[in-house]
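S.K.: This is the structure I want to talk about, given as structure tokens.
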4 protein chains.
Amino acid sequence: MSDPYAPTADDRFTFGLWTVGNPGADPFGRPTRKPMEPVHVLRKLAEAGAWGVNFHDEDLVPFGASPGEREEIIGRFKAGLEETGLVVSMSTTNLFSHPAFKDGAFTADDPAVRALAVTKAMDAIDLGASLGSHIHVFWGGREGCETDARRDPRQAIKRMRSAMDFLCDYVLEREHEMVFALEAKPNEPRGDIYFSTTGHLLHFITTLEHPEMVGVNPEVAHETMAGLSFVHSVAQAMEAGKLFHIDLNAQNIGRFDQDLRFGAADLKGAFNLVRLLEGTMGGFAYHGPRHFDAHAYRTEDEEGVWEFARGCMRTYKILAERARAFDTDPEVIGLRQEFQEDFVSPLLIDYSPEAEAALREMAIDPDALGARGLHLEKLDQIMTEYLLGVRD
Amino acid sequence: MSDPYAPTADDRFTFGLWTVGNPGADPFGRPTRKPMEPVHVLRKLAEAGAWGVNFHDEDLVPFGASPGEREEIIGRFKAGLEETGLVVSMSTTNLFSHPAFKDGAFTADDPAVRALAVTKAMDAIDLGASLGSHIHVFWGGREGCETDARRDPRQAIKRMRSAMDFLCDYVLEREHEMVFALEAKPNEPRGDIYFSTTGHLLHFITTLEHPEMVGVNPEVAHETMAGLSFVHSVAQAMEAGKLFHIDLNAQNIGRFDQDLRFGAADLKGAFNLVRLLEGTMGGFAYHGPRHFDAHAYRTEDEEGVWEFARGCMRTYKILAERARAFDTDPEVIGLRQEFQEDFVSPLLIDYSPEAEAALREMAIDPDALGARGLHLEKLDQIMTEYLLGVRD
Amino acid sequence: MSDPYAPTADDRFTFGLWTVGNPGADPFGRPTRKPMEPVHVLRKLAEAGAWGVNFHDEDLVPFGASPGEREEIIGRFKAGLEETGLVVSMSTTNLFSHPAFKDGAFTADDPAVRALAVTKAMDAIDLGASLGSHIHVFWGGREGCETDARRDPRQAIKRMRSAMDFLCDYVLEREHEMVFALEAKPNEPRGDIYFSTTGHLLHFITTLEHPEMVGVNPEVAHETMAGLSFVHSVAQAMEAGKLFHIDLNAQNIGRFDQDLRFGAADLKGAFNLVRLLEGTMGGFAYHGPRHFDAHAYRTEDEEGVWEFARGCMRTYKILAERARAFDTDPEVIGLRQEFQEDFVSPLLIDYSPEAEAALREMAIDPDALGARGLHLEKLDQIMTEYLLGVRD
Amino acid sequence: MSDPYAPTADDRFTFGLWTVGNPGADPFGRPTRKPMEPVHVLRKLAEAGAWGVNFHDEDLVPFGASPGEREEIIGRFKAGLEETGLVVSMSTTNLFSHPAFKDGAFTADDPAVRALAVTKAMDAIDLGASLGSHIHVFWGGREGCETDARRDPRQAIKRMRSAMDFLCDYVLEREHEMVFALEAKPNEPRGDIYFSTTGHLLHFITTLEHPEMVGVNPEVAHETMAGLSFVHSVAQAMEAGKLFHIDLNAQNIGRFDQDLRFGAADLKGAFNLVRLLEGTMGGFAYHGPRHFDAHAYRTEDEEGVWEFARGCMRTYKILAERARAFDTDPEVIGLRQEFQEDFVSPLLIDYSPEAEAALREMAIDPDALGARGLHLEKLDQIMTEYLLGVRD
């Protein structure tokens with residue numbers, strides 16, 4: 001019998017070169033694993049059942065490589081893609097590792113840094129496009145501060161807008177079929193990062209010249225670090241048609257960026273996220289890549305890395321199966337649709353004196369509404385039992 | 001010699017009836033203070049130097065009061081306003097205390113609850129308008145959940161939008177000179193509240209039928225609970241022309257909603273906020289009410305409440321004085337304007353092949369940029385010394 | 001077939017009168033449920049399968065009740081215990097609800113408050129003892145501050161010690177068979193509570209006159225609020241022989257005290273806790289009451305309260321079953337016992353020059369140790385799959 | 001006129017080689033500064049006014065250096081100490097950087113790792129002793145886990161105890177005049193670190209064979225990360241005679257370990273800490289080293305590093321001056337000593353039926369106690385104004 005949780009191309013699972021390739025260094029410790037060759041990563045990802053791969057410019061081509069080196073690296077990678085059948089599902093620009101960006105890239109006070117950042121981004125966009133990427137992510141990891149003593153944050157917002165507008169025009173000029181996906185994070189590595197949540201970015205996008213070209217790339221760990229509901233942020237992005245990409249992992253609230261294996265913390269949050277993405281919770285589903293932006297514990301060798309990668313995909317598929325079961329359980333459907341007759345929504349479509357009068361004339365007893373039980377303990381316990389696999 | 005920190009009407013300091021009138025109950029303890037008569041509050045606020053007063057509908061008129069009681073209460077309050085010269089700077093609807101709203105008001109699944117909420121809001125808007133309020137705040141304290149098992153959060157977003165659109169039209173129909181200010185909070189009293197940050201609300205506003213009528217009312221405690229930079233959220237709202245009102249208080253990260261006296265925690269954050277609001281940090285200033293949405297410790301009697309109120313205003317004025325001194329200190333100006341010649345912004349206004357070429361031709365040495373010191377420890381220490389009053 | 005997850009007396013599940021009896025008020029909302037009669041609670045708890053019941057003095061006998069009222073209430077409650085067969089597994093003193101304790105009970109600056117607190121505690125101890133309680137819990141919810149401006153925290157520590165020593169002697173004098181269990185919480189309702197964690201209390205106990213009479217009562221929510229590992233704190237208490245009682249519930253990090261249904265958040269943490277308590281993880285098990293110090297969502301009516309109570313017990317039993325399965329899985333045992341031959345522990349029992357020499361002479365290759373994989377991704381994924389019920 | 005805030009030897013200010021020598025790498029960025037020669041650090045520290053210096057073994061002697069290299073390095077460093085007059089105020093063992101310790105040092109499952117850790121610690125103790133250190137710190141940065149799937153935390157506690165007992169005996173055997181100071185941290189780099197707070201360590205110490213040789217080294221950032229009151233933890237350590245060393249810096253709650261310049265966040269917390277350490281708050285003062293375990297922002301070059309170091313010391317001295325002024329202000333003294341006559345403490349010294357009777361006979365009116373104001377808003381505002389320098 002075939003494994004129902006074995007990944008297939010239809011699952012659109014992807015990994016970044018920097019995720020499975022993470023060498024296991026941390027602020028207090030040296031690397032525990034050796035760097036991996038990109039083509040080796042492609043082969044192992046394909047073997048594990050992934051559909052796509054992502055990269056920062058520097059994951060593939062070292063910053064400052066000569067044109068010849070660049071070409072050779074790209075050629076080797078293209079061959080690897082062909083050999084494995086993996087697609088490049090996303091590309092991104094590393095604007096955080098080099099010391100030049102230590103006080104920001106697009107938002108730096110020094111115009112030379114901003115020029116460097118925009119140039120590096122144009123090159124990374126071209127690199128991504130040349131390898132088939134249609135989504136370019138911008139994570140502004142350095143766009144922030146440890147002190148507001150110097151930069152007015154409004155200045156930072158304006159600079160970020162200017163850079164995004166410029167780069168959208170660049171994509172149009174180059175005729176790349178590419179959109180941007182912006183990724184929020186509240187802090188780390190900076191004390192505070194501008195546009196700290198997906199909500200802040202969703203608003204920022206509405207102020208751009210080409211808002212239709214720009215969406216968001218929410219990451220579980222980033223929203224969770226601040227204790228915010230990731231599900232609610234993703235839902236707002238989906239409702240706005242702006243969920244262009246997603247970074248899946250796990251994280252405990254109030255900690256350094258952990259990037260744990262999907263499902264390794266907060267299984268319930270992961271379950272509700274999968275319900276939302278798979279469309280079982282209601283509304284429509286998300287059809288883009290399921291990207292695991294996570295890495296193996298530092299305790300692992302390469303074998304452990306591939307255990308980690310398989311675990312991410314397997315847990316997602318188990319949760320997807322449970323999501324379908326939960327949301328089609330007749331008892332659950334009954335509890336979720338308790339208030340069938342929605343006599344108010346039609347009145348609220350447009351204000352009119354008649355609608356107002358109709359609302360005011362309803363004989364509503366607030367105390368009766370307050371006393372009635374809503375069955376949410378029951379529903380949440382049923383959900384828990386679906387998670388635990390004692391109900392199906 | 002007159003006290004330079006004594007509040008005046010120009011300072012636009014305001015308090016809510018529920019703030020100084022807070023009786024000191026908490027989840028584990030009964031009230032320690034007696035309720036205060038609204039007119040008594042007006043007199044004491046005027047005496048303390050406040051400029052305005054705010055209220056929830058229920059702070060003034062009990063839910064379910066008869067038309068006669070309502071009229072009498074309003075008459076007495078109007079007389080109090082005239083006597084004291086205080087203005088009503090903001091009004092709001094209590095959509096969280098009554099058990100009917102236990103699972104949401106505008107976002108509740110039960111249409112009867114939504115009808116009740118919209119009706120109550122219309123009444124509260126009229127009450128506010130009749131007393132001179134031009135800003136009506138919506139804090140959706142109950143618009144959230146403890147479990148996502150039932151309600152799709154996208155449904156909640158749509159319902160909230162529908163209610164806001166309806167109420168905007170209501171204000172237009174009534175010809176009130178009134179705008180709305182939406183207030184975010186990540187959690188408490190609900191496990192998770194929809195639109196968890198000011199950023200999420202700023203985006204939501206762009207999706208309304210009358211976005212020009214709706215802004216935000218950020219609160220120090222609410223953004224700080226999640227460890228987000230309040231200054232950055234307020235800056236984004238100001239940059240977008242959406243800072244319609246502000247709730248000042250103090251809060252420690254990662255805790256229950258503390259609503260402490262302004263400046264009682266995170267003096268540095270308070271200082272940067274004042275720099276932003278007063279316009280010394282750069283850009284323009286905020287000219288709306290400075291509302292202290294805080295309350296005295298539960299250990300205090302009424303005398304302590306007025307100490308608390310005076311402390312809020314006094315600390316604000318001390319910080320405003322320091323803000324002006326810091327941002328006009330020649331050494332500070334020098335450090336803040338280190339990069340005078342901005343040769344990049346003009347190139348980024350519009351993409352063109354020429355602009356691209358100009359950017360690419362700059363001889364930028366990333367390593368030199370990375371090695372240069374940015375003097376931020378010095379600048380932050382100078383700021384600290386302004387705060388501590390050892391430099392002026 | 002009988003339900004394998006139906007609770008029995010052997011499970012030692014208990015609830016407090018204040019937990020299932022919680023009326024659903026919160027800082028922003030009025031009660032949504034009616035108070036329940038204690039004897040009604042006993043009957044419903046027995047029906048649900050609980051083994052014991054707990055109470056604060058005031059849950060049973062209102063503060064200031066006359067001796068006659070007190071006696072009558074106690075008589076009725078005793079009859080209820082007999083009727084239902086429930087035991088009183090724990091008693092405690094409410095030293096937080098009355099305004100008198102607003103700045104502390106045992107640690108208050110006012111000696112009259114401290115006298116009141118000690119007297120109230122003696123009465124509550126007697127009340128508990130008279131109903132068969134052998135464990136008296138002290139949760140110092142008010143023993144803290146919003147500002148350290150006045151009280152030296154060392155003074156608070158000394159006062160707490162003095163009260164505990166006095167009350168231990170009181171128990172000995174009265175010849176009650178009773179021990180104390182101290183419960184830590186970092187904050188709420190106070191800005192900061194003294195002895196913020198179970199660790200702080202474990203140390204404090206070692207400084208008492210009768211340390212053997214005093215242990216701890218850790219609560220999931222309290223340790224979790226601060227993002228600390230509850231499992232590690234409980235483990236330290238167990239290793240020290242000090243786990244006298246435990247409060248089970250669920251909580252999200254960095255929030256107000258949520259007291260959710262057991263398992264309603266952080267299923268993995270709950271699983272490891274159950275592994276520890278049931279003794280499957282290793283070492284010995286905990287044999288005291290499993291107390292669910294939680295309450296139903298405010299959205300529920302009484303029916304929802306009993307759903308909640310059943311859910312707590314059911315989830316515990318499912319996790320206990322999984323714990324046994326996980327820790328007896330041969331693959332798991334193999335991975336957990338990877339380093340069978342412990343050649344170092346014997347050397348570290350006592351220092352000697354010979355032991356030192358033996359350690360120094362080992363040919364250890366640090367780099368080889370660093371390169372080896374530890375299989376923790378695999379083991380954690382297996383644990384996840386036990387949790388999800390796809391492996392058994 | 002001389003600068004009243006210039007540091008002197010009496011201030012006992014110290015820095016670690018790794019603090020001012022920090023090269024500014026972080027999890028997302030490469031170093032921005034060059035490593036500094038230890039002797040250069042000594043000279044610059046002396047110039048800045050520091051009294052002492054600290055180091056991990058590896059800060060001075062690279063792991064795996066030959067005996068000859070080791071001797072040469074030590075000789076150079078000794079000469080530097082003599083030249084500058086700096087003392088070695090603390091030494092410590094790096095048991096976290098090398099990959100061998102990736103799953104723990106003293107608590108690792110692999111006995112070879114534990115042997116390596118104990119051996120490395122013996123060497124580091126000898127190195128410290130040879131340079132005059134009388135305090136050896138143990139920060140168990142790797143003693144924790146990302147998953148509790150494998151190691152029973154009770155096993156980790158036992159292993160840690162065994163190592164500490166062994167190393168205490170080693171110090172006695174070697175006749176070093178040296179004590180140990182244990183340093184807690186809740187997480188980072190591990191998901192959870194055992195002994196997550198100073199409280200947990202204070203308890204652990206009571207279970208050792210030589211508790212008199214072991215105290216704690218609390219760090220502002222570590223306790224603050226979890227949102228715990230650092231002042232309360234330090235107070236408990238002082239009350240127990242266990243504050244052997246202290247790590248001063250600044251940190252925002254709920255974030256990665258920031259190690260900011262002293263006073264750069266939470267000025268009020270810093271102020272209360274200084275009140276406690278300097279003995280102005282009450283009780284006795286702390287007389288050990290004031291160690292700034294912090295580092296300059298990554299944006300700084302070496303000049304910024306020394307600005308940072310001077311800032312740490314300067315802010316401490318400003319706060320110490322303010323602490324003395326605040327705690328000797330007659331109004332403050334009056335407010336702090338509101339309850340002069342302590343008629344209860346004598347009764348609580350020992351339980352007796354007479355003491356009980358005396359307590360029970362007091363005519364205490366709880367409602368009157370609850371209604372009285374405690375002047376804490378006033379006192380906290382006075383404290384704020386001392387901090388802001390508008391009162392002296």
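Labeling convention for the structure tokens: chains A, B, ... as they appear, residues from 1 per chain, ligands from 1 in order of appearance.
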Write out as an mmCIF file with N, CA and C atoms, in the first residue's frame each polymer residue whose atoms come within 8 Å of region 156-167 of chain C, counting only C-alpha atoms; drop sequence neighbours fewer than 3 positions from it.
M.R.:
```
data_model
loop_
_atom_site.group_PDB
_atom_site.id
_atom_site.type_symbol
_atom_site.label_atom_id
_atom_site.label_comp_id
_atom_site.auth_asym_id
_atom_site.auth_seq_id
_atom_site.Cartn_x
_atom_site.Cartn_y
_atom_site.Cartn_z
ATOM 1 N N PHE C 106 0.673 38.824 52.945
ATOM 2 C CA PHE C 106 1.786 38.551 53.870
ATOM 3 C C PHE C 106 2.925 39.554 53.711
ATOM 4 N N THR C 107 2.996 40.209 52.554
ATOM 5 C CA THR C 107 4.124 41.120 52.303
ATOM 6 C C THR C 107 3.725 42.586 52.368
ATOM 7 N N ALA C 108 2.486 42.879 52.713
ATOM 8 C CA ALA C 108 2.034 44.272 52.744
ATOM 9 C C ALA C 108 2.859 45.094 53.735
ATOM 10 N N VAL C 118 -2.686 36.630 57.906
ATOM 11 C CA VAL C 118 -2.298 35.438 58.676
ATOM 12 C C VAL C 118 -3.527 34.844 59.366
ATOM 13 N N ALA C 121 -5.627 33.084 56.837
ATOM 14 C CA ALA C 121 -4.992 31.826 56.428
ATOM 15 C C ALA C 121 -5.204 30.746 57.488
ATOM 16 N N MET C 122 -5.084 31.110 58.750
ATOM 17 C CA MET C 122 -5.318 30.110 59.811
ATOM 18 C C MET C 122 -6.739 29.564 59.706
ATOM 19 N N GLU C 143 1.107 39.481 46.218
ATOM 20 C CA GLU C 143 2.426 39.711 46.825
ATOM 21 C C GLU C 143 3.376 40.199 45.732
ATOM 22 N N ARG C 151 8.784 49.491 48.429
ATOM 23 C CA ARG C 151 9.164 48.328 49.233
ATOM 24 C C ARG C 151 10.435 47.678 48.708
ATOM 25 N N ASP C 152 11.392 47.493 49.554
ATOM 26 C CA ASP C 152 12.580 46.717 49.211
ATOM 27 C C ASP C 152 12.133 45.260 49.054
ATOM 28 N N PRO C 153 12.377 44.642 47.899
ATOM 29 C CA PRO C 153 11.894 43.258 47.721
ATOM 30 C C PRO C 153 12.472 42.299 48.759
ATOM 31 N N TYR C 170 1.623 26.670 63.069
ATOM 32 C CA TYR C 170 0.191 26.611 63.375
ATOM 33 C C TYR C 170 -0.376 25.232 63.011
ATOM 34 N N VAL C 171 0.005 24.747 61.858
ATOM 35 C CA VAL C 171 -0.455 23.421 61.421
ATOM 36 C C VAL C 171 0.017 22.345 62.397
ATOM 37 N N TYR C 194 6.385 38.770 43.489
ATOM 38 C CA TYR C 194 7.616 38.212 44.077
ATOM 39 C C TYR C 194 7.616 36.689 43.886
ATOM 40 N N PHE C 204 13.256 29.462 47.927
ATOM 41 C CA PHE C 204 12.673 30.068 49.134
ATOM 42 C C PHE C 204 12.347 28.994 50.178
ATOM 43 N N THR C 207 14.825 27.925 52.689
ATOM 44 C CA THR C 207 15.199 28.873 53.739
ATOM 45 C C THR C 207 14.185 28.883 54.893
ATOM 46 N N LEU C 208 13.197 27.992 54.829
ATOM 47 C CA LEU C 208 12.150 27.975 55.864
ATOM 48 C C LEU C 208 12.563 27.117 57.060
ATOM 49 N N GLU C 209 11.846 27.293 58.153
ATOM 50 C CA GLU C 209 12.119 26.494 59.354
ATOM 51 C C GLU C 209 11.675 25.047 59.192
ATOM 52 N N HIS C 210 10.616 24.842 58.437
ATOM 53 C CA HIS C 210 10.121 23.474 58.218
ATOM 54 C C HIS C 210 10.048 23.177 56.723
ATOM 55 N N GLN D 236 16.504 38.515 45.682
ATOM 56 C CA GLN D 236 16.452 37.200 46.326
ATOM 57 C C GLN D 236 17.861 36.625 46.484
ATOM 58 N N SER D 345 5.163 42.092 63.161
ATOM 59 C CA SER D 345 6.373 41.271 62.998
ATOM 60 C C SER D 345 6.774 40.560 64.294
ATOM 61 N N LEU D 348 4.909 37.423 64.810
ATOM 62 C CA LEU D 348 5.098 36.354 63.809
ATOM 63 C C LEU D 348 6.453 35.657 63.926
ATOM 64 N N ILE D 349 7.285 36.123 64.848
ATOM 65 C CA ILE D 349 8.612 35.503 64.974
ATOM 66 C C ILE D 349 8.477 34.023 65.311
ATOM 67 N N ASP D 350 7.624 33.723 66.274
ATOM 68 C CA ASP D 350 7.369 32.321 66.617
ATOM 69 C C ASP D 350 5.885 32.154 66.882
ATOM 70 N N TYR D 351 5.380 31.062 66.364
ATOM 71 C CA TYR D 351 3.980 30.794 66.666
ATOM 72 C C TYR D 351 3.820 30.475 68.151
#
```
S.K.: Find the residues near region 28-44 of chain C: any atom within 8 Å, counting only C-alpha atoms, skip ones fewer than 5 places away on the same chain, and give them as a list in words.
M.R.: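 My reading of the contact set: Gly370 and Ala371 of chain A; Phe96, Ser97, His98, Pro99, Lys102 and Pro189 of chain B; Leu17, Val20, Gly21, Asn22, Pro23, Val53, Leu60, Arg76, Phe77, Gly80, Leu81, Thr84, Leu86, Arg298, Thr299, Glu300, Asp301, Glu302 and Trp306 of chain C.
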S.K.: When you look at Glu338 (chain B) with a cut-off of 9 Å (counting only C-alpha atoms), what residues show up, excluding the ones that are within fewer than 6 positions of it in the same chain? I need them as a PyMOL selection string.
M.R.: (chain A and resi 109-110) or (chain B and resi 374)
S.K.: Write a file of the selected residues as a PDB file, in the first residue's frame, keeping C-alpha atoms.
M.R.:
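Output saved as selection-v9.pdb:
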```pdb
ATOM      1  CA  ASP A 109      20.891  56.872   5.469  1.00  0.00           C
ATOM      2  CA  ASP A 110      23.910  56.602   3.243  1.00  0.00           C
TER       3      ASP A 110
ATOM      4  CA  LEU B 374      27.898  55.133  12.217  1.00  0.00           C
TER       5      LEU B 374
END
```
S.K.: Could you tell me how far CA of Ile253 (chain A) sits from CA of Gly144 (chain C), in Å to one decimal place?
M.R.: 25.2 Å
S.K.: Using only C-alpha atoms, what does the table of chain B residues within 6 Å of chain A look like, with each row giving the shortest atom pair and its distance in Å to one decimal, sorted by chain and ascending number, as a tab-separated table?
M.R.:
```
residue	atom	partner	partner_atom	distance
B:Pro99	CA	A:Gly370	CA	4.2
B:Ala100	CA	A:Gly370	CA	3.8
B:Asp110	CA	A:Phe339	CA	5.7
B:Pro111	CA	A:Val344	CA	5.4
B:Ala115	CA	A:Leu359	CA	5.9
B:Ala149	CA	A:Asp380	CA	5.9
B:Arg150	CA	A:Arg336	CA	5.1
B:Arg154	CA	A:Ala235	CA	5.7
B:Phe166	CA	A:Tyr351	CA	5.1
B:Asp169	CA	A:Tyr351	CA	5.9
B:Gly199	CA	A:His200	CA	3.8
B:His200	CA	A:Gly199	CA	3.8
B:Leu202	CA	A:His203	CA	5.7
B:His203	CA	A:His203	CA	4.0
B:Ala226	CA	A:Ala226	CA	5.1
B:Ala235	CA	A:Arg154	CA	5.7
B:Glu239	CA	A:Arg154	CA	6.0
B:Arg336	CA	A:Arg150	CA	5.1
B:Phe339	CA	A:Asp110	CA	5.7
B:Asp342	CA	A:Pro111	CA	5.6
B:Val344	CA	A:Pro111	CA	5.4
B:Leu348	CA	A:Phe166	CA	6.0
B:Tyr351	CA	A:Phe166	CA	5.1
B:Leu359	CA	A:Ala115	CA	5.9
B:Pro366	CA	A:Ala100	CA	5.3
B:Leu369	CA	A:Ala100	CA	4.8
B:Gly370	CA	A:Ala100	CA	3.8
B:Asp380	CA	A:Ala149	CA	5.9
```
S.K.: Which of region 269-352 of chain D end up as alpha helix (DSSP H) when DSSP is run on this backbone - answer as a ChimeraX atom specification?
M.R.: /D:269-278,302-328,330-336,345-348
S.K.: Could you give me, as an MDAnalysis selection string, each residue of region 135-375 of chain B that DSSP assigns to strand (DSSP E) when run on this structure's backbone?
M.R.: chainID B and resid 135:139 144:145 179:183 192:193 214:216 247:248 290:292
S.K.: Just write the chosen residues, N, CA, C and O atoms, as a compact mmCIF listing (two decimals), in the first residue's frame.
M.R.:
```
# COMPACT_ATOMS: atom_id res chain seq x y z
N ILE B 135 -14.65 62.94 16.58
CA ILE B 135 -13.91 61.68 16.34
C ILE B 135 -14.62 60.57 17.10
O ILE B 135 -14.84 60.68 18.32
N HIS B 136 -15.00 59.52 16.39
CA HIS B 136 -15.62 58.38 17.06
C HIS B 136 -14.69 57.19 16.91
O HIS B 136 -14.32 56.81 15.80
N VAL B 137 -14.27 56.63 18.05
CA VAL B 137 -13.30 55.54 18.05
C VAL B 137 -14.03 54.19 18.04
O VAL B 137 -15.07 54.04 18.69
N PHE B 138 -13.50 53.25 17.28
CA PHE B 138 -13.98 51.87 17.36
C PHE B 138 -12.83 50.97 17.81
O PHE B 138 -11.85 50.80 17.07
N TRP B 139 -12.95 50.46 19.03
CA TRP B 139 -12.03 49.44 19.50
C TRP B 139 -12.79 48.13 19.55
O TRP B 139 -13.73 47.98 20.33
N GLY B 144 -12.90 38.88 17.92
CA GLY B 144 -11.80 37.93 17.86
C GLY B 144 -12.29 36.56 18.26
O GLY B 144 -13.47 36.24 18.10
N CYS B 145 -11.39 35.74 18.77
CA CYS B 145 -11.78 34.37 19.12
C CYS B 145 -10.78 33.77 20.08
O CYS B 145 -9.67 34.26 20.23
N VAL B 179 -15.31 61.85 12.03
CA VAL B 179 -14.53 60.77 11.40
C VAL B 179 -14.42 59.62 12.39
O VAL B 179 -14.70 59.78 13.58
N PHE B 180 -14.00 58.48 11.87
CA PHE B 180 -13.81 57.30 12.72
C PHE B 180 -12.31 57.07 12.93
O PHE B 180 -11.50 57.32 12.02
N ALA B 181 -11.96 56.56 14.10
CA ALA B 181 -10.57 56.16 14.37
C ALA B 181 -10.60 54.75 14.93
O ALA B 181 -11.22 54.49 15.97
N LEU B 182 -9.96 53.82 14.22
CA LEU B 182 -9.99 52.40 14.61
C LEU B 182 -8.78 52.07 15.48
O LEU B 182 -7.66 52.52 15.21
N GLU B 183 -9.03 51.26 16.47
CA GLU B 183 -7.99 50.97 17.47
C GLU B 183 -7.69 49.48 17.49
O GLU B 183 -8.57 48.66 17.71
N ASP B 192 -7.34 35.94 20.60
CA ASP B 192 -6.75 36.72 19.50
C ASP B 192 -7.82 37.66 18.97
O ASP B 192 -8.96 37.24 18.73
N ILE B 193 -7.43 38.90 18.78
CA ILE B 193 -8.36 39.89 18.23
C ILE B 193 -8.02 40.10 16.76
O ILE B 193 -6.84 40.16 16.40
N VAL B 214 -11.94 57.47 7.63
CA VAL B 214 -11.50 56.52 8.66
C VAL B 214 -9.98 56.56 8.83
O VAL B 214 -9.24 56.45 7.84
N GLY B 215 -9.57 56.72 10.06
CA GLY B 215 -8.14 56.66 10.40
C GLY B 215 -7.93 55.71 11.57
O GLY B 215 -8.78 54.87 11.84
N VAL B 216 -6.79 55.85 12.22
CA VAL B 216 -6.49 54.94 13.34
C VAL B 216 -6.33 55.70 14.65
O VAL B 216 -6.08 56.91 14.67
N ASP B 247 -3.88 57.12 21.84
CA ASP B 247 -4.07 56.74 23.24
C ASP B 247 -2.71 56.57 23.90
O ASP B 247 -1.98 55.62 23.58
N LEU B 248 -2.42 57.44 24.84
CA LEU B 248 -1.12 57.44 25.50
C LEU B 248 -1.21 56.73 26.86
O LEU B 248 -2.13 57.00 27.64
N ARG B 290 -4.12 64.70 22.74
CA ARG B 290 -3.19 63.78 23.44
C ARG B 290 -4.01 63.11 24.53
O ARG B 290 -4.18 63.67 25.63
N HIS B 291 -4.51 61.95 24.24
CA HIS B 291 -5.43 61.28 25.16
C HIS B 291 -4.69 60.27 26.04
O HIS B 291 -4.04 59.37 25.53
N PHE B 292 -4.84 60.41 27.35
CA PHE B 292 -4.22 59.48 28.28
C PHE B 292 -5.21 58.37 28.62
O PHE B 292 -6.05 58.53 29.49
```
S.K.: Can you measure CA of Ser89 (chain B) to CA of Ser2 (chain B) for me? One decimal in Å is fine.
M.R.: 27.4 Å
